[in-house]
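Presented below is the structure to which this report refers.
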Amino acid sequence: MSVSSFAWSNDLSATIQANNDKYIELFNGGKAEQLSQMFTEDALYLNDGFPIMQGRKEIAKQLKLEMSAGPATITLETVELKRDDRTATEVGLWEVTIKGEKSDEKILGNYLVVWQKQPDGQWLIYRDVINYSEKHQTL
């Protein structure tokens, strides 16, 4: 790996980490509308057990539905990140904890996100595929 490609890789990793931090903040804050702005206008959102959502408006509706399960927190962990000139593919693990009155429920899964670099240099989510990796656990 050359020095310039290493720097390119580090810059992308830092950018995606910052984007994931913002995603976590907005999700944990229940801000579906703002979170949907992290997606491209023509984004696809594929969540296990739901129809494919296309575009920010539909994605915002789906995110609101997911957030309506109750107060929840999400964590994201990038496992792999690859890029070309205009896209980056991220594979990772997610964990959502839904706060219950008597107990919390932990849901684990994995994701594949295709990030697309916009003309202004911003990286937005172009494709988001979410799968559950284990049965839900009551804590």
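Every chain in the structure tokens has a letter given in the order shown (A, B, ...), and although residue numbers restart at 1 in each chain, ligands are simply numbered from 1 in the order shown.
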Applying 12 Å and only C-alpha atoms, which residues near Asn47 (chain A) remain after dropping the ones on its own chain fewer than 6 positions away? List them as a PDB file with N, CA, C and O atoms, in the first residue's frame.
```pdb
ATOM      1  N   MET A  53     -37.515   0.174   1.018  1.00  0.00           N
ATOM      2  CA  MET A  53     -37.886   1.582   1.067  1.00  0.00           C
ATOM      3  C   MET A  53     -36.967   2.340   0.120  1.00  0.00           C
ATOM      4  O   MET A  53     -35.759   2.092   0.100  1.00  0.00           O
ATOM      5  N   GLN A  54     -37.548   3.245  -0.672  1.00  0.00           N
ATOM      6  CA  GLN A  54     -36.738   4.032  -1.603  1.00  0.00           C
ATOM      7  C   GLN A  54     -36.984   5.511  -1.379  1.00  0.00           C
ATOM      8  O   GLN A  54     -38.129   5.964  -1.308  1.00  0.00           O
ATOM      9  N   ILE A  59     -37.807   6.318   3.660  1.00  0.00           N
ATOM     10  CA  ILE A  59     -36.847   5.884   4.673  1.00  0.00           C
ATOM     11  C   ILE A  59     -37.166   6.537   6.013  1.00  0.00           C
ATOM     12  O   ILE A  59     -37.130   5.876   7.052  1.00  0.00           O
ATOM     13  N   GLN A  62     -39.969   4.656   7.636  1.00  0.00           N
ATOM     14  CA  GLN A  62     -39.502   3.377   8.171  1.00  0.00           C
ATOM     15  C   GLN A  62     -38.710   3.594   9.465  1.00  0.00           C
ATOM     16  O   GLN A  62     -38.884   2.865  10.434  1.00  0.00           O
ATOM     17  N   LEU A  63     -37.849   4.599   9.467  1.00  0.00           N
ATOM     18  CA  LEU A  63     -37.063   4.882  10.668  1.00  0.00           C
ATOM     19  C   LEU A  63     -37.976   5.270  11.837  1.00  0.00           C
ATOM     20  O   LEU A  63     -37.755   4.844  12.974  1.00  0.00           O
ATOM     21  N   LEU A  65     -41.018   4.256  12.281  1.00  0.00           N
ATOM     22  CA  LEU A  65     -41.636   3.005  12.704  1.00  0.00           C
ATOM     23  C   LEU A  65     -40.683   2.221  13.606  1.00  0.00           C
ATOM     24  O   LEU A  65     -41.075   1.742  14.673  1.00  0.00           O
ATOM     25  N   GLU A  66     -39.446   2.109  13.199  1.00  0.00           N
ATOM     26  CA  GLU A  66     -38.458   1.381  13.991  1.00  0.00           C
ATOM     27  C   GLU A  66     -38.248   2.050  15.348  1.00  0.00           C
ATOM     28  O   GLU A  66     -38.112   1.375  16.370  1.00  0.00           O
ATOM     29  N   GLY A 109     -27.302  -7.519  14.958  1.00  0.00           N
ATOM     30  CA  GLY A 109     -27.359  -7.766  13.529  1.00  0.00           C
ATOM     31  C   GLY A 109     -26.105  -7.303  12.822  1.00  0.00           C
ATOM     32  O   GLY A 109     -25.113  -6.910  13.441  1.00  0.00           O
ATOM     33  N   ASN A 110     -26.182  -7.372  11.520  1.00  0.00           N
ATOM     34  CA  ASN A 110     -25.078  -6.919  10.674  1.00  0.00           C
ATOM     35  C   ASN A 110     -25.642  -6.045   9.574  1.00  0.00           C
ATOM     36  O   ASN A 110     -26.851  -6.019   9.347  1.00  0.00           O
ATOM     37  N   TYR A 111     -24.763  -5.305   8.925  1.00  0.00           N
ATOM     38  CA  TYR A 111     -25.218  -4.390   7.880  1.00  0.00           C
ATOM     39  C   TYR A 111     -24.188  -4.290   6.761  1.00  0.00           C
ATOM     40  O   TYR A 111     -23.010  -4.583   6.946  1.00  0.00           O
ATOM     41  N   LEU A 112     -24.680  -3.874   5.627  1.00  0.00           N
ATOM     42  CA  LEU A 112     -23.845  -3.522   4.492  1.00  0.00           C
ATOM     43  C   LEU A 112     -24.350  -2.177   3.990  1.00  0.00           C
ATOM     44  O   LEU A 112     -25.531  -2.038   3.671  1.00  0.00           O
ATOM     45  N   VAL A 113     -23.486  -1.179   4.012  1.00  0.00           N
ATOM     46  CA  VAL A 113     -23.844   0.161   3.548  1.00  0.00           C
ATOM     47  C   VAL A 113     -22.947   0.518   2.369  1.00  0.00           C
ATOM     48  O   VAL A 113     -21.732   0.337   2.434  1.00  0.00           O
ATOM     49  N   ARG A 127     -27.089   2.831  -0.351  1.00  0.00           N
ATOM     50  CA  ARG A 127     -27.761   1.551  -0.125  1.00  0.00           C
ATOM     51  C   ARG A 127     -27.477   1.129   1.312  1.00  0.00           C
ATOM     52  O   ARG A 127     -26.337   1.193   1.765  1.00  0.00           O
ATOM     53  N   ASP A 128     -28.518   0.690   2.011  1.00  0.00           N
ATOM     54  CA  ASP A 128     -28.371   0.248   3.393  1.00  0.00           C
ATOM     55  C   ASP A 128     -29.128  -1.066   3.547  1.00  0.00           C
ATOM     56  O   ASP A 128     -30.345  -1.109   3.402  1.00  0.00           O
ATOM     57  N   VAL A 129     -28.388  -2.142   3.815  1.00  0.00           N
ATOM     58  CA  VAL A 129     -28.968  -3.475   3.971  1.00  0.00           C
ATOM     59  C   VAL A 129     -28.724  -3.918   5.408  1.00  0.00           C
ATOM     60  O   VAL A 129     -27.581  -3.954   5.867  1.00  0.00           O
ATOM     61  N   ILE A 130     -29.817  -4.240   6.111  1.00  0.00           N
ATOM     62  CA  ILE A 130     -29.747  -4.574   7.530  1.00  0.00           C
ATOM     63  C   ILE A 130     -30.306  -5.976   7.739  1.00  0.00           C
ATOM     64  O   ILE A 130     -31.397  -6.288   7.262  1.00  0.00           O
ATOM     65  N   ASN A 131     -29.558  -6.801   8.462  1.00  0.00           N
ATOM     66  CA  ASN A 131     -30.002  -8.155   8.788  1.00  0.00           C
ATOM     67  C   ASN A 131     -29.869  -8.395  10.283  1.00  0.00           C
ATOM     68  O   ASN A 131     -28.976  -7.861  10.929  1.00  0.00           O
ATOM     69  N   TYR A 132     -30.761  -9.242  10.789  1.00  0.00           N
ATOM     70  CA  TYR A 132     -30.656  -9.677  12.176  1.00  0.00           C
ATOM     71  C   TYR A 132     -29.742 -10.888  12.201  1.00  0.00           C
ATOM     72  O   TYR A 132     -29.860 -11.781  11.375  1.00  0.00           O
TER      73      TYR A 132
END
```
Exercise for review: Skip Tyr23 (chain A) itself and residues of its chain fewer than 6 positions away, then list as a list in words all residues within 10 Å of it, counting only C-alpha atoms.
Suggested key: Gln17, Gly29, Lys31, Ala32, Gln34, Leu35, Ser36, Met38, Ile74, Thr75 and Leu76 of chain A
Export, as a CSV table (one decimal), in the first residue's frame, the selected residues with C-alpha atoms.
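This is the output file selection.csv:
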```
chain,number,residue,atom,x,y,z
A,17,GLN,CA,-16.7,6.9,11.6
A,29,GLY,CA,-32.3,10.9,19.8
A,31,LYS,CA,-34.7,12.1,15.0
A,32,ALA,CA,-35.9,10.1,12.0
A,34,GLN,CA,-32.8,14.4,10.3
A,35,LEU,CA,-31.4,10.8,10.0
A,36,SER,CA,-33.1,10.4,6.6
A,38,MET,CA,-27.9,11.1,5.7
A,74,ILE,CA,-27.8,1.8,18.8
A,75,THR,CA,-24.1,1.0,18.4
A,76,LEU,CA,-22.3,0.4,15.1
```
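CA of Glu105 (chain A) is positioned 29.0 Å from CA of Ala43 (chain A).
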Practice item. Select from region 15-138 of chain A everything DSSP, run on the backbone, classes as alpha helix (DSSP H), then give the selection as number ranges by chain. Key: A: 15-28, 32-36, 55-67
Check your understanding: When you draw a straight line from CA of Ile98 (chain A) to CA of Glu134 (chain A), how long is it in Å?
Key -> 15.2 Å
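Minimum atom-to-atom distance to Pro71 (chain A), evaluated using only C-alpha atoms, belongs to A:Glu101 out of A:Asp120, A:Glu33, A:Asp11, A:Glu101.
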Check your understanding: What residues in region 23-122 of chain A get the DSSP label strand (DSSP E)? Please answer as number ranges by chain.
Key -> A: 39-47, 53-54, 72-83, 87-98, 105-117
Dump N, CA and C atoms for the selected residues as a compact mmCIF listing (two decimals), in the first residue's frame?
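Saved as selection-v8.txt:
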```
# COMPACT_ATOMS: atom_id res chain seq x y z
N PHE A 39 -29.09 10.01 3.86
CA PHE A 39 -29.27 9.14 2.70
C PHE A 39 -29.36 9.98 1.43
N THR A 40 -28.95 9.41 0.30
CA THR A 40 -29.13 10.10 -0.97
C THR A 40 -30.62 10.16 -1.30
N GLU A 41 -30.99 11.04 -2.21
CA GLU A 41 -32.39 11.17 -2.62
C GLU A 41 -32.95 9.85 -3.15
N ASP A 42 -32.11 9.05 -3.82
CA ASP A 42 -32.57 7.80 -4.43
C ASP A 42 -32.10 6.56 -3.67
N ALA A 43 -31.81 6.73 -2.39
CA ALA A 43 -31.30 5.63 -1.57
C ALA A 43 -32.31 4.49 -1.46
N LEU A 44 -31.79 3.30 -1.22
CA LEU A 44 -32.61 2.14 -0.90
C LEU A 44 -32.27 1.70 0.51
N TYR A 45 -33.30 1.34 1.28
CA TYR A 45 -33.16 0.89 2.67
C TYR A 45 -33.82 -0.47 2.76
N LEU A 46 -33.03 -1.50 3.01
CA LEU A 46 -33.52 -2.87 3.05
C LEU A 46 -33.33 -3.43 4.45
N ASN A 47 -34.42 -3.48 5.21
CA ASN A 47 -34.38 -3.97 6.57
C ASN A 47 -35.08 -5.32 6.61
N MET A 53 -37.51 0.17 1.02
CA MET A 53 -37.89 1.58 1.07
C MET A 53 -36.97 2.34 0.12
N GLN A 54 -37.55 3.25 -0.67
CA GLN A 54 -36.74 4.03 -1.60
C GLN A 54 -36.98 5.51 -1.38
N ALA A 72 -34.56 3.66 22.57
CA ALA A 72 -33.56 2.68 22.17
C ALA A 72 -32.22 3.36 21.94
N THR A 73 -31.18 2.58 22.04
CA THR A 73 -29.85 3.04 21.69
C THR A 73 -29.25 2.07 20.70
N ILE A 74 -28.46 2.60 19.78
CA ILE A 74 -27.82 1.77 18.77
C ILE A 74 -26.31 1.97 18.86
N THR A 75 -25.58 0.92 18.57
CA THR A 75 -24.13 1.02 18.40
C THR A 75 -23.80 0.41 17.05
N LEU A 76 -22.76 0.93 16.42
CA LEU A 76 -22.30 0.44 15.13
C LEU A 76 -20.81 0.14 15.20
N GLU A 77 -20.40 -0.94 14.56
CA GLU A 77 -18.98 -1.29 14.51
C GLU A 77 -18.61 -1.68 13.08
N THR A 78 -17.74 -0.92 12.47
CA THR A 78 -17.27 -1.22 11.12
C THR A 78 -16.31 -2.40 11.18
N VAL A 79 -16.56 -3.40 10.32
CA VAL A 79 -15.71 -4.57 10.24
C VAL A 79 -14.80 -4.48 9.02
N GLU A 80 -15.34 -3.91 7.93
CA GLU A 80 -14.58 -3.80 6.68
C GLU A 80 -15.03 -2.54 5.95
N LEU A 81 -14.09 -1.87 5.31
CA LEU A 81 -14.38 -0.68 4.53
C LEU A 81 -13.52 -0.68 3.28
N LYS A 82 -14.16 -0.66 2.12
CA LYS A 82 -13.46 -0.63 0.83
C LYS A 82 -14.02 0.51 0.01
N ARG A 83 -13.21 1.07 -0.89
CA ARG A 83 -13.72 2.17 -1.71
C ARG A 83 -13.15 2.16 -3.11
N THR A 87 -17.67 5.48 -4.58
CA THR A 87 -18.43 4.74 -3.58
C THR A 87 -17.50 4.08 -2.56
N ALA A 88 -18.05 3.82 -1.41
CA ALA A 88 -17.36 3.05 -0.38
C ALA A 88 -18.35 2.02 0.15
N THR A 89 -17.87 0.82 0.39
CA THR A 89 -18.71 -0.24 0.91
C THR A 89 -18.27 -0.57 2.33
N GLU A 90 -19.21 -0.46 3.24
CA GLU A 90 -18.93 -0.72 4.65
C GLU A 90 -19.73 -1.95 5.09
N VAL A 91 -19.05 -2.87 5.76
CA VAL A 91 -19.69 -4.03 6.37
C VAL A 91 -19.49 -3.88 7.87
N GLY A 92 -20.55 -4.11 8.63
CA GLY A 92 -20.40 -3.93 10.06
C GLY A 92 -21.42 -4.68 10.89
N LEU A 93 -21.32 -4.46 12.18
CA LEU A 93 -22.21 -5.06 13.16
C LEU A 93 -22.97 -3.95 13.88
N TRP A 94 -24.24 -4.21 14.19
CA TRP A 94 -25.03 -3.25 14.94
C TRP A 94 -25.66 -3.94 16.14
N GLU A 95 -25.99 -3.12 17.12
CA GLU A 95 -26.68 -3.61 18.32
C GLU A 95 -27.65 -2.54 18.75
N VAL A 96 -28.91 -2.92 18.93
CA VAL A 96 -29.92 -1.99 19.42
C VAL A 96 -30.41 -2.52 20.76
N THR A 97 -30.48 -1.64 21.74
CA THR A 97 -31.06 -1.98 23.03
C THR A 97 -32.32 -1.14 23.21
N ILE A 98 -33.45 -1.83 23.32
CA ILE A 98 -34.74 -1.16 23.53
C ILE A 98 -35.03 -1.19 25.02
N GLU A 105 -34.47 -5.09 25.89
CA GLU A 105 -34.35 -6.09 24.83
C GLU A 105 -33.18 -5.70 23.95
N LYS A 106 -32.28 -6.63 23.73
CA LYS A 106 -31.11 -6.40 22.89
C LYS A 106 -31.32 -7.12 21.56
N ILE A 107 -31.10 -6.39 20.48
CA ILE A 107 -31.23 -6.96 19.13
C ILE A 107 -29.89 -6.78 18.44
N LEU A 108 -29.36 -7.86 17.88
CA LEU A 108 -28.05 -7.84 17.23
C LEU A 108 -28.19 -8.11 15.75
N GLY A 109 -27.30 -7.52 14.96
CA GLY A 109 -27.36 -7.77 13.53
C GLY A 109 -26.11 -7.30 12.82
N ASN A 110 -26.18 -7.37 11.52
CA ASN A 110 -25.08 -6.92 10.67
C ASN A 110 -25.64 -6.05 9.57
N TYR A 111 -24.76 -5.30 8.93
CA TYR A 111 -25.22 -4.39 7.88
C TYR A 111 -24.19 -4.29 6.76
N LEU A 112 -24.68 -3.87 5.63
CA LEU A 112 -23.85 -3.52 4.49
C LEU A 112 -24.35 -2.18 3.99
N VAL A 113 -23.49 -1.18 4.01
CA VAL A 113 -23.84 0.16 3.55
C VAL A 113 -22.95 0.52 2.37
N VAL A 114 -23.57 1.00 1.31
CA VAL A 114 -22.82 1.58 0.20
C VAL A 114 -22.95 3.09 0.35
N TRP A 115 -21.82 3.73 0.60
CA TRP A 115 -21.75 5.18 0.71
C TRP A 115 -21.44 5.75 -0.66
N GLN A 116 -22.04 6.86 -1.01
CA GLN A 116 -21.79 7.49 -2.30
C GLN A 116 -21.26 8.91 -2.07
N LYS A 117 -20.14 9.20 -2.71
CA LYS A 117 -19.55 10.53 -2.58
C LYS A 117 -20.33 11.50 -3.46
```
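Considering the residues A:Arg56, A:Lys102, A:Arg86, A:Lys64 and counting only C-alpha atoms, Gln122 (chain A) has its shortest atom-to-atom contact with A:Arg86.
For the pair CA of Asp48 (chain A) and CA of Ser133 (chain A), the separation is 10.2 Å.
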